[in-house]
>>> print(open('structure-v1.txt').read())   # compact mmCIF, C-alpha atoms
# COMPACT_ATOMS: atom_id res chain seq x y z
CA MET H 23 -3.70 -119.64 188.02
CA ASP H 24 -0.48 -118.94 186.11
CA GLU H 25 1.33 -115.59 186.28
CA ALA H 26 -0.02 -114.43 182.91
CA GLY H 27 -3.55 -115.20 184.02
CA ALA H 28 -3.07 -113.44 187.33
CA ALA H 29 -1.83 -110.35 185.53
CA ARG H 30 -4.89 -110.33 183.29
CA VAL H 31 -7.40 -110.29 186.14
CA ASP H 32 -5.41 -108.40 188.77
CA SER H 33 -7.18 -105.08 188.25
CA ALA H 34 -10.21 -103.53 186.62
CA TRP H 35 -7.93 -100.63 185.68
CA PRO H 36 -5.23 -100.74 183.00
CA THR H 37 -1.58 -100.41 183.92
CA ASN H 38 -0.45 -96.84 183.34
CA ASP H 39 2.55 -95.77 181.33
CA ARG H 40 4.35 -93.64 183.93
CA SER H 41 5.97 -91.52 181.23
CA LEU H 42 2.52 -90.06 180.44
CA PRO H 43 0.12 -88.02 182.58
CA GLU H 44 -2.12 -89.97 184.94
CA PRO H 45 -5.36 -90.67 183.04
CA ARG H 46 -8.70 -89.43 184.24
CA ARG H 47 -10.91 -92.38 185.11
CA LEU H 48 -14.42 -93.15 183.93
CA VAL H 49 -16.23 -96.08 185.51
CA LEU H 50 -18.77 -98.42 183.99
CA GLY H 51 -20.79 -98.64 187.17
CA PHE H 52 -22.54 -101.64 188.69
CA PRO H 53 -24.37 -102.10 192.00
CA ARG H 54 -22.41 -104.24 194.44
CA ARG H 55 -24.89 -107.11 194.11
CA TRP H 56 -23.95 -107.44 190.43
CA GLU H 57 -20.33 -108.25 191.18
CA VAL H 58 -19.07 -111.81 190.82
CA ALA H 59 -15.65 -113.47 191.00
CA LEU H 60 -14.01 -115.28 188.12
CA SER H 61 -14.78 -119.02 188.06
CA PRO H 62 -12.11 -121.23 189.64
CA PHE H 63 -12.26 -123.35 186.46
CA ALA H 64 -11.43 -120.40 184.21
CA PHE H 65 -7.83 -121.06 183.20
CA GLU H 66 -8.24 -124.81 182.96
CA MET H 67 -11.22 -124.22 180.66
CA GLU H 68 -9.10 -121.89 178.54
CA ARG H 69 -6.46 -124.62 178.16
CA ARG H 70 -9.09 -127.18 177.17
CA ALA H 71 -10.70 -124.82 174.66
CA GLU H 72 -7.34 -124.04 173.06
CA GLY H 73 -6.50 -127.73 172.76
CA TRP H 74 -9.91 -128.46 171.25
CA LEU H 75 -9.63 -125.63 168.70
CA ARG H 76 -6.19 -126.87 167.69
CA GLN H 77 -7.42 -130.45 167.32
CA ARG H 78 -10.35 -129.29 165.18
CA GLY H 79 -8.13 -127.14 162.96
CA ILE H 80 -9.53 -123.73 163.97
CA ILE H 81 -6.20 -122.71 165.48
CA SER H 82 -3.93 -123.75 162.65
CA ASP H 83 -1.09 -121.21 162.38
CA ALA H 84 0.68 -118.37 164.15
CA ALA H 85 -2.03 -115.84 163.27
CA THR H 86 -4.88 -117.88 164.71
CA ALA H 87 -2.80 -118.75 167.78
CA GLU H 88 -2.16 -115.05 168.35
CA LYS H 89 -5.87 -114.31 167.94
CA PHE H 90 -6.72 -116.87 170.63
CA ALA H 91 -4.07 -115.42 172.96
CA LYS H 92 -5.63 -111.96 172.65
CA LEU H 93 -9.14 -113.18 173.46
CA ALA H 94 -8.56 -113.80 177.18
CA VAL H 95 -10.84 -116.81 176.84
CA ALA H 96 -10.65 -117.69 180.53
CA GLU H 97 -12.34 -114.44 181.46
CA TYR H 98 -14.50 -114.23 178.33
CA ALA H 99 -16.47 -117.36 179.18
CA ASN H 100 -15.91 -117.85 182.88
CA TRP H 101 -16.53 -114.41 184.32
CA PRO H 102 -20.04 -114.14 182.84
CA PHE H 103 -20.81 -117.81 183.56
CA SER H 104 -18.91 -118.21 186.79
CA ARG H 105 -21.49 -120.55 188.40
CA ALA H 106 -21.15 -123.26 185.75
CA GLU H 107 -19.89 -126.64 186.94
CA GLU H 108 -16.92 -128.18 185.19
CA ASP H 109 -18.70 -129.98 182.33
CA GLU H 110 -20.97 -127.04 181.56
CA ALA H 111 -18.08 -124.56 181.86
CA GLU H 112 -16.12 -126.55 179.28
CA VAL H 113 -18.97 -126.48 176.76
CA ILE H 114 -19.61 -122.76 177.30
CA THR H 115 -15.91 -121.91 177.01
CA LYS H 116 -15.51 -123.88 173.79
CA PHE H 117 -18.69 -122.33 172.39
CA LEU H 118 -17.67 -118.74 173.13
CA ALA H 119 -14.09 -119.24 171.91
CA LEU H 120 -15.26 -120.78 168.64
CA TRP H 121 -17.83 -117.98 168.34
CA ILE H 122 -15.17 -115.25 168.14
CA PHE H 123 -13.36 -117.01 165.30
CA TYR H 124 -16.66 -117.61 163.49
CA ASP H 125 -17.76 -113.99 164.01
CA ASP H 126 -14.60 -112.64 162.41
CA LEU H 127 -15.12 -114.89 159.38
CA ILE H 128 -18.77 -114.14 158.69
CA GLU H 129 -18.21 -110.41 159.01
CA GLU H 130 -16.62 -110.72 155.58
CA SER H 131 -18.59 -113.51 153.87
CA ASP H 132 -21.45 -115.96 154.11
CA LEU H 133 -19.97 -119.40 154.74
CA GLY H 134 -22.81 -120.99 152.79
CA GLU H 135 -24.02 -123.14 155.66
CA GLY H 136 -27.70 -122.23 155.30
CA GLY H 137 -30.08 -124.31 157.37
CA GLY H 138 -27.25 -126.55 158.54
CA LEU H 139 -26.22 -123.97 161.13
CA PHE H 140 -29.61 -124.12 162.87
CA ASP H 141 -29.55 -127.92 163.02
CA ALA H 142 -25.95 -127.94 164.27
CA ILE H 143 -26.61 -125.50 167.11
CA ALA H 144 -29.82 -127.35 168.00
CA GLY H 145 -27.88 -130.61 168.22
CA SER H 146 -30.07 -132.30 165.63
CA LEU H 147 -27.62 -133.16 162.85
CA ASP H 148 -27.55 -136.93 162.43
CA ASP H 149 -23.96 -137.11 161.24
CA ARG H 150 -20.87 -135.04 161.91
CA PRO H 151 -20.45 -132.65 158.94
CA HIS H 152 -17.29 -133.17 156.95
CA ASP H 153 -17.52 -130.24 154.54
CA SER H 154 -17.21 -127.47 157.15
CA VAL H 155 -14.96 -127.54 160.18
CA TYR H 156 -17.10 -124.84 161.83
CA LEU H 157 -20.34 -126.70 161.24
CA ALA H 158 -18.75 -129.84 162.65
CA CYS H 159 -17.68 -127.96 165.78
CA TRP H 160 -21.11 -126.34 166.23
CA SER H 161 -22.72 -129.76 165.83
CA GLU H 162 -20.45 -131.24 168.50
CA LEU H 163 -21.34 -128.48 170.96
CA GLY H 164 -25.02 -128.61 170.00
CA ARG H 165 -25.15 -132.30 170.83
CA ALA H 166 -23.51 -131.61 174.19
CA CYS H 167 -26.25 -129.09 175.00
CA ALA H 168 -28.94 -131.44 173.70
CA ALA H 169 -27.92 -134.04 176.28
CA LYS H 170 -29.08 -131.68 179.02
CA MET H 171 -31.60 -129.20 177.64
CA SER H 172 -35.18 -129.48 176.38
CA ALA H 173 -36.23 -129.32 172.75
CA SER H 174 -37.80 -125.89 173.30
CA TRP H 175 -34.55 -124.52 174.76
CA ARG H 176 -32.55 -125.91 171.85
CA GLN H 177 -34.97 -124.46 169.28
CA ARG H 178 -34.85 -121.05 170.94
CA HIS H 179 -31.06 -121.11 171.24
CA ALA H 180 -30.55 -122.16 167.61
CA THR H 181 -33.02 -119.57 166.35
CA ARG H 182 -31.28 -116.83 168.29
CA PHE H 183 -27.85 -117.90 167.05
CA VAL H 184 -28.93 -117.99 163.41
CA ASP H 185 -30.58 -114.58 163.85
CA TRP H 186 -27.29 -113.32 165.27
CA ALA H 187 -25.34 -114.67 162.28
CA ARG H 188 -27.74 -112.95 159.92
CA SER H 189 -27.38 -109.66 161.81
CA VAL H 190 -23.58 -109.81 161.55
CA ARG H 191 -23.76 -110.11 157.79
CA GLU H 192 -26.15 -107.16 157.70
CA GLU H 193 -23.73 -105.17 159.87
CA SER H 194 -20.93 -105.93 157.42
CA ALA H 195 -22.97 -104.34 154.65
CA HIS H 196 -23.47 -101.20 156.75
CA ALA H 197 -19.75 -101.17 157.57
CA GLU H 198 -18.92 -101.23 153.87
CA LEU H 199 -21.24 -98.26 153.33
CA PHE H 200 -19.51 -96.43 156.18
CA ARG H 201 -16.10 -97.09 154.62
CA ARG H 202 -17.26 -95.76 151.25
CA THR H 203 -19.03 -92.64 152.49
CA GLY H 204 -17.52 -91.91 155.93
CA ALA H 205 -21.05 -91.13 157.14
CA SER H 206 -21.90 -92.58 160.55
CA PRO H 207 -25.40 -93.89 161.20
CA THR H 208 -27.43 -92.15 163.88
CA THR H 209 -26.77 -93.23 167.44
CA PHE H 210 -30.25 -94.77 167.59
CA GLU H 211 -29.76 -96.76 164.37
CA HIS H 212 -26.31 -97.93 165.37
CA LEU H 213 -27.32 -99.09 168.84
CA ALA H 214 -30.33 -100.94 167.45
CA ARG H 215 -28.07 -102.92 165.11
CA ARG H 216 -25.36 -103.47 167.71
CA SER H 217 -27.79 -104.73 170.33
CA ALA H 218 -28.81 -107.43 167.83
CA ASN H 219 -25.38 -108.45 166.59
CA ILE H 220 -23.62 -108.32 169.96
CA GLY H 221 -25.01 -111.83 170.47
CA MET H 222 -26.43 -111.48 173.95
CA LEU H 223 -29.62 -113.45 173.25
CA PRO H 224 -27.87 -116.78 172.55
CA ASN H 225 -25.49 -116.00 175.40
CA ILE H 226 -28.39 -115.47 177.79
CA ASP H 227 -29.58 -119.00 177.02
CA PHE H 228 -26.49 -120.32 178.80
CA ILE H 229 -27.87 -119.02 182.11
CA GLU H 230 -30.35 -121.90 182.04
CA TYR H 231 -27.72 -124.29 180.72
CA GLN H 232 -25.29 -123.59 183.57
CA SER H 233 -27.99 -123.92 186.23
CA GLY H 234 -29.83 -126.87 184.70
CA ARG H 235 -33.16 -125.13 185.35
CA GLU H 236 -35.27 -123.77 182.51
CA LEU H 237 -37.78 -120.99 183.00
CA SER H 238 -41.35 -121.37 181.77
CA ALA H 239 -42.48 -120.17 178.35
CA ALA H 240 -44.72 -117.64 180.10
CA THR H 241 -41.71 -116.10 181.83
CA HIS H 242 -39.73 -115.86 178.59
CA GLU H 243 -42.69 -114.19 176.90
CA HIS H 244 -43.36 -111.70 179.72
CA PRO H 245 -42.97 -108.04 178.58
CA ALA H 246 -40.63 -107.30 181.49
CA MET H 247 -38.42 -110.20 180.41
CA GLN H 248 -38.34 -108.76 176.89
CA ASP H 249 -37.33 -105.38 178.32
CA LEU H 250 -34.70 -106.99 180.52
CA VAL H 251 -32.93 -108.89 177.75
CA ALA H 252 -33.11 -105.88 175.42
CA LEU H 253 -31.50 -103.66 178.05
CA ALA H 254 -28.82 -106.27 178.74
CA SER H 255 -28.05 -106.45 175.02
CA GLU H 256 -27.72 -102.67 174.82
CA ALA H 257 -25.51 -102.49 177.91
CA VAL H 258 -23.07 -105.06 176.52
CA ALA H 259 -23.16 -103.47 173.06
CA ILE H 260 -22.24 -100.11 174.59
CA MET H 261 -19.32 -101.50 176.60
CA ASN H 262 -18.11 -103.41 173.53
CA ASP H 263 -18.06 -100.22 171.48
CA VAL H 264 -16.33 -98.28 174.26
CA PHE H 265 -13.50 -100.77 174.68
CA GLY H 266 -13.44 -101.51 170.93
CA TYR H 267 -13.30 -97.89 169.78
CA ALA H 268 -9.61 -97.82 168.89
CA LYS H 269 -9.82 -101.14 167.08
CA ASP H 270 -12.91 -100.03 165.15
CA GLU H 271 -11.35 -96.69 164.20
CA GLN H 272 -8.33 -98.50 162.78
CA ALA H 273 -10.56 -100.88 160.83
CA ARG H 274 -12.91 -98.05 159.77
CA TRP H 275 -15.83 -99.87 161.36
CA PRO H 276 -18.95 -98.11 162.73
CA ASN H 277 -18.81 -97.52 166.48
CA LEU H 278 -21.06 -95.83 169.04
CA ILE H 279 -18.31 -93.40 170.06
CA ARG H 280 -17.86 -92.27 166.47
CA CYS H 281 -21.65 -91.92 166.10
CA LEU H 282 -21.84 -89.73 169.21
CA ARG H 283 -18.95 -87.59 168.02
CA ASP H 284 -20.43 -87.09 164.55
CA GLU H 285 -24.08 -86.69 165.54
CA ARG H 286 -23.64 -84.45 168.58
CA GLY H 287 -20.38 -82.74 167.76
CA LEU H 288 -18.73 -84.14 170.90
CA PRO H 289 -14.99 -84.40 171.47
CA LEU H 290 -13.69 -87.88 172.21
CA ALA H 291 -13.74 -87.28 175.97
CA GLY H 292 -17.36 -86.12 175.83
CA ALA H 293 -18.40 -89.08 173.69
CA LEU H 294 -16.78 -91.52 176.12
CA ARG H 295 -18.54 -89.87 179.07
CA GLU H 296 -21.87 -90.01 177.24
CA ALA H 297 -21.40 -93.71 176.38
CA VAL H 298 -20.60 -94.54 180.02
CA SER H 299 -23.75 -92.67 181.10
CA MET H 300 -25.80 -94.61 178.54
CA HIS H 301 -24.41 -97.87 179.91
CA ASP H 302 -25.14 -96.96 183.53
CA ALA H 303 -28.70 -95.89 182.65
CA ARG H 304 -29.36 -99.32 181.18
CA VAL H 305 -27.93 -101.08 184.21
CA ALA H 306 -30.33 -99.12 186.42
CA ALA H 307 -33.24 -99.81 184.07
CA MET H 308 -32.42 -103.54 184.17
CA ASP H 309 -32.92 -103.57 187.93
CA ARG H 310 -36.30 -101.86 187.55
CA ALA H 311 -37.42 -104.34 184.89
CA ALA H 312 -36.17 -107.22 187.05
CA GLU H 313 -38.22 -106.06 190.03
CA HIS H 314 -41.34 -105.97 187.88
CA LEU H 315 -40.64 -109.40 186.37
CA ILE H 316 -40.08 -111.03 189.77
CA ALA H 317 -43.15 -109.38 191.32
CA ASP H 318 -45.38 -110.57 188.46
CA SER H 319 -43.93 -114.06 188.12
CA ARG H 320 -45.51 -117.41 188.99
CA GLU H 321 -42.00 -118.77 189.65
CA PRO H 322 -40.40 -115.91 191.63
CA ILE H 323 -37.63 -117.97 193.23
CA ALA H 324 -36.44 -119.36 189.90
CA VAL H 325 -36.74 -115.95 188.24
CA SER H 326 -34.83 -114.25 191.06
CA GLY H 327 -31.95 -116.67 190.59
CA TRP H 328 -32.02 -116.19 186.83
CA VAL H 329 -32.00 -112.40 187.21
CA GLN H 330 -28.97 -112.55 189.48
CA ASP H 331 -27.19 -114.74 186.95
CA LEU H 332 -28.04 -112.23 184.21
CA ARG H 333 -26.47 -109.47 186.31
CA HIS H 334 -23.35 -111.62 186.61
CA VAL H 335 -23.31 -112.15 182.84
CA VAL H 336 -23.35 -108.41 182.10
CA TYR H 337 -20.82 -107.62 184.84
CA GLY H 338 -18.60 -110.50 183.74
CA PHE H 339 -18.53 -109.26 180.15
CA ALA H 340 -17.56 -105.82 181.42
CA ARG H 341 -14.62 -107.28 183.34
CA TRP H 342 -13.58 -109.30 180.30
CA HIS H 343 -13.64 -106.23 178.05
CA ALA H 344 -11.44 -104.38 180.54
CA THR H 345 -9.00 -107.32 180.59
CA ALA H 346 -8.67 -108.69 177.06
CA PRO H 347 -5.72 -107.56 174.90
CA ARG H 348 -8.22 -107.46 172.01
CA TYR H 349 -9.56 -104.19 173.45
CA ALA H 350 -8.22 -100.87 174.76
CA SER H 351 -8.95 -99.20 178.09
CA VAL H 352 -6.89 -95.99 177.85
CA PHE H 353 -7.61 -93.26 175.31
CA ASP H 354 -5.58 -90.24 174.27
CA VAL H 355 -8.20 -87.47 174.17
CA GLY H 356 -5.88 -84.68 173.05
CA GLU H 357 -3.91 -81.86 174.65
CA GLY H 358 -1.81 -84.34 176.61
CA ARG H 359 -4.85 -85.80 178.40
CA ARG H 360 -5.90 -89.41 178.69
CA ILE H 361 -9.04 -91.19 179.88
CA ALA H 362 -9.03 -94.70 181.34
CA ILE H 363 -12.23 -96.75 181.32
CA GLY H 364 -12.67 -99.07 184.28
CA VAL H 365 -15.30 -101.26 185.89
CA GLY H 366 -16.48 -100.56 189.42
CA ALA H 367 -19.25 -100.18 191.96
CA ARG H 368 -21.69 -97.32 192.16
>>> encode(input="structure-v1.txt", output="structure tokens")
Amino acid sequence: MDEAGAARVDSAWPTNDRSLPEPRRLVLGFPRRWEVALSPFAFEMERRAEGWLRQRGIISDAATAEKFAKLAVAEYANWPFSRAEEDEAEVITKFLALWIFYDDLIEESDLGEGGGLFDAIAGSLDDRPHDSVYLACWSELGRACAAKMSASWRQRHATRFVDWARSVREESAHAELFRRTGASPTTFEHLARRSANIGMLPNIDFIEYQSGRELSAATHEHPAMQDLVALASEAVAIMNDVFGYAKDEQARWPNLIRCLRDERGLPLAGALREAVSMHDARVAAMDRAAEHLIADSREPIAVSGWVQDLRHVVYGFARWHATAPRYASVFDVGEGRRIAIGVGAR
């Protein structure tokens, strides 16, 4: 690990500016069994992903190079999916890095890829597309997944990814309404949209990809599994809005913290505390849903391993959010006070 990488992952807490008062700390809490170390492949995978994005023309100038640098791609892909072996880690890292660039584009416009996106993600395009660099990249990664995963996995993954893309475009329309009117949606409405467009469902598919073991259709359809993935999506959406609050305020983009402030009349400090409590409640509810799923499963050993990997995914995304320069961990809450958001055990 190079010095820059070591600095990124050295602490779950931000470095404090000693000229300002010591911030009060709020912790996104996780049980000890959720904790996982960063993959040993992380920084090598980041280097490979950057080289690949440059070769494919996604990183093409100083602005896109700076965007990649701020993503903390090593942690973004390899903290949630820390058990992936080298080949799988490379595919996941490239997929997630490309995803951020693609997300930022389709927030503003439909790229006109239609049904081609589904076929590319599913690895079923016969030829490499030449009219869209993104579609060509998705097709390359889709074929890599197709070499290992079943047709049913690929169909589910592609469906979830296309649904995510659609939800992002819908969110953009709501963001434009927010910019025009300044009226926040309700907390319930906002979290429902964010839990869809945070993209956890296609991410969750990579649990099976990294392990090489697919769960049965009955397990995926079990009500407790549906609860579990919904709670995981909400937990990650909440942490994303917490760490992304400053960025979203600057961009005039809807955010859970703003919704809580407007709907409940909370100061910033109170809204941050409430969001952390909402996150922790979903983490606890995930463990309850997991216990039910395992107890009622016909493949309890496989499901237990999958559940533990899901815990690592959620915890890993929390550590990434606390690390990436794209986000902020320290908030000025007025009257000379600051709050720092960290990740820790409870």
>>> closest_atom_pairs(input="structure-v1.txt", of="region 215-282 of chain H", to="region 116-129 of chain H", cutoff="12 Å", atoms="all atoms listed in the file", output="CSV")
residue,atom,partner,partner_atom,distance
H:Asn219,CA,H:Asp125,CA,9.8
H:Ile220,CA,H:Asp125,CA,10.1
H:Gly221,CA,H:Trp121,CA,9.7
H:Met222,CA,H:Leu118,CA,11.4
H:Pro224,CA,H:Leu118,CA,10.4
H:Asn225,CA,H:Leu118,CA,8.6
H:Phe228,CA,H:Phe117,CA,10.3
H:Trp275,CA,H:Glu129,CA,11.1
>>> axis_aligned_box(input="structure-v1.txt", around="region 149-153 of chain H", padding_each_side="8 Å", output="lines of an AutoDock Vina configuration file")
center_x = -20.6
center_y = -133.7
center_z = 158.2
size_x = 22.7
size_y = 22.9
size_z = 23.4
>>> residues_near_point(input="structure-v1.txt", point="(-10.6, -100.9, 170.7)", cutoff="12 Å", atoms="all atoms listed in the file", output="ChimeraX atom specification")
/H:261-279,343-353,363
>>> atom_distance(input="structure-v1.txt", atom1="CA of Ala239 (chain H)", atom2="CA of Ser172 (chain H)")
12.0 Å
>>> residues_around(input="structure-v1.txt", residues="Ala311 (chain H)", least_positions_apart="2", cutoff="7 Å", atoms="all atoms listed in the file", output="ChimeraX atom specification")
/H:246,249-250,307-309,313-315
>>> residues_around(input="structure-v1.txt", residues="Ala303 (chain H)", least_positions_apart="3", cutoff="12 Å", atoms="all atoms listed in the file", output="JSON list (two decimals) with C-alpha atoms, keeping the file's coordinate frame")
[["chain", "number", "residue", "atom", "x", "y", "z"],
["H", 50, "LEU", "CA", -18.77, -98.42, 183.99],
["H", 51, "GLY", "CA", -20.79, -98.64, 187.17],
["H", 52, "PHE", "CA", -22.54, -101.64, 188.69],
["H", 253, "LEU", "CA", -31.50, -103.66, 178.05],
["H", 254, "ALA", "CA", -28.82, -106.27, 178.74],
["H", 256, "GLU", "CA", -27.72, -102.67, 174.82],
["H", 257, "ALA", "CA", -25.51, -102.49, 177.91],
["H", 260, "ILE", "CA", -22.24, -100.11, 174.59],
["H", 296, "GLU", "CA", -21.87, -90.01, 177.24],
["H", 297, "ALA", "CA", -21.40, -93.71, 176.38],
["H", 298, "VAL", "CA", -20.60, -94.54, 180.02],
["H", 299, "SER", "CA", -23.75, -92.67, 181.10],
["H", 300, "MET", "CA", -25.80, -94.61, 178.54],
["H", 306, "ALA", "CA", -30.33, -99.12, 186.42],
["H", 307, "ALA", "CA", -33.24, -99.81, 184.07],
["H", 308, "MET", "CA", -32.42, -103.54, 184.17],
["H", 309, "ASP", "CA", -32.92, -103.57, 187.93],
["H", 310, "ARG", "CA", -36.30, -101.86, 187.55],
["H", 368, "ARG", "CA", -21.69, -97.32, 192.16]]
>>> closest_residue(input="structure-v1.txt", among="H:Ser104, H:Ser82, H:Arg295, H:Arg286", to="Arg333 (chain H)", atoms="all atoms listed in the file")
H:Ser104
>>> build_atoms(input="structure-v1.txt", residues="region 345-357 of chain H", atoms="N, CA, C and O atoms", output="JSON list (two decimals), in the frame of the given file")
[["chain", "number", "residue", "atom", "x", "y", "z"],
["H", 345, "THR", "N", -10.16, -106.45, 180.41],
["H", 345, "THR", "CA", -9.00, -107.32, 180.59],
["H", 345, "THR", "C", -8.35, -107.75, 179.28],
["H", 345, "THR", "O", -7.13, -107.84, 179.18],
["H", 346, "ALA", "N", -9.16, -108.02, 178.26],
["H", 346, "ALA", "CA", -8.67, -108.69, 177.06],
["H", 346, "ALA", "C", -7.75, -107.80, 176.23],
["H", 346, "ALA", "O", -8.07, -106.63, 175.97],
["H", 347, "PRO", "N", -6.62, -108.33, 175.78],
["H", 347, "PRO", "CA", -5.72, -107.56, 174.90],
["H", 347, "PRO", "C", -6.38, -107.16, 173.59],
["H", 347, "PRO", "O", -5.88, -106.26, 172.90],
["H", 348, "ARG", "N", -7.48, -107.80, 173.23],
["H", 348, "ARG", "CA", -8.22, -107.46, 172.01],
["H", 348, "ARG", "C", -8.74, -106.02, 172.06],
["H", 348, "ARG", "O", -8.97, -105.40, 171.01],
["H", 349, "TYR", "N", -8.92, -105.49, 173.27],
["H", 349, "TYR", "CA", -9.56, -104.19, 173.45],
["H", 349, "TYR", "C", -8.59, -103.18, 174.08],
["H", 349, "TYR", "O", -7.49, -103.53, 174.48],
["H", 350, "ALA", "N", -9.04, -101.93, 174.16],
["H", 350, "ALA", "CA", -8.22, -100.87, 174.76],
["H", 350, "ALA", "C", -9.01, -100.18, 175.86],
["H", 350, "ALA", "O", -10.21, -99.96, 175.73],
["H", 351, "SER", "N", -8.32, -99.83, 176.95],
["H", 351, "SER", "CA", -8.95, -99.20, 178.09],
["H", 351, "SER", "C", -8.51, -97.75, 178.30],
["H", 351, "SER", "O", -9.12, -97.03, 179.07],
["H", 352, "VAL", "N", -7.43, -97.34, 177.66],
["H", 352, "VAL", "CA", -6.89, -95.99, 177.85],
["H", 352, "VAL", "C", -6.92, -95.27, 176.50],
["H", 352, "VAL", "O", -6.50, -95.81, 175.48],
["H", 353, "PHE", "N", -7.42, -94.03, 176.54],
["H", 353, "PHE", "CA", -7.61, -93.26, 175.31],
["H", 353, "PHE", "C", -6.93, -91.90, 175.41],
["H", 353, "PHE", "O", -7.09, -91.19, 176.41],
["H", 354, "ASP", "N", -6.17, -91.57, 174.39],
["H", 354, "ASP", "CA", -5.58, -90.24, 174.27],
["H", 354, "ASP", "C", -6.66, -89.30, 173.74],
["H", 354, "ASP", "O", -7.12, -89.46, 172.61],
["H", 355, "VAL", "N", -7.09, -88.36, 174.56],
["H", 355, "VAL", "CA", -8.20, -87.47, 174.17],
["H", 355, "VAL", "C", -7.71, -86.09, 173.76],
["H", 355, "VAL", "O", -8.52, -85.16, 173.64],
["H", 356, "GLY", "N", -6.41, -85.94, 173.55],
["H", 356, "GLY", "CA", -5.88, -84.68, 173.05],
["H", 356, "GLY", "C", -5.35, -83.77, 174.14],
["H", 356, "GLY", "O", -5.67, -83.92, 175.32],
["H", 357, "GLU", "N", -4.50, -82.84, 173.75],
["H", 357, "GLU", "CA", -3.91, -81.86, 174.65],
["H", 357, "GLU", "C", -3.20, -82.51, 175.83],
["H", 357, "GLU", "O", -3.23, -82.03, 176.96]]
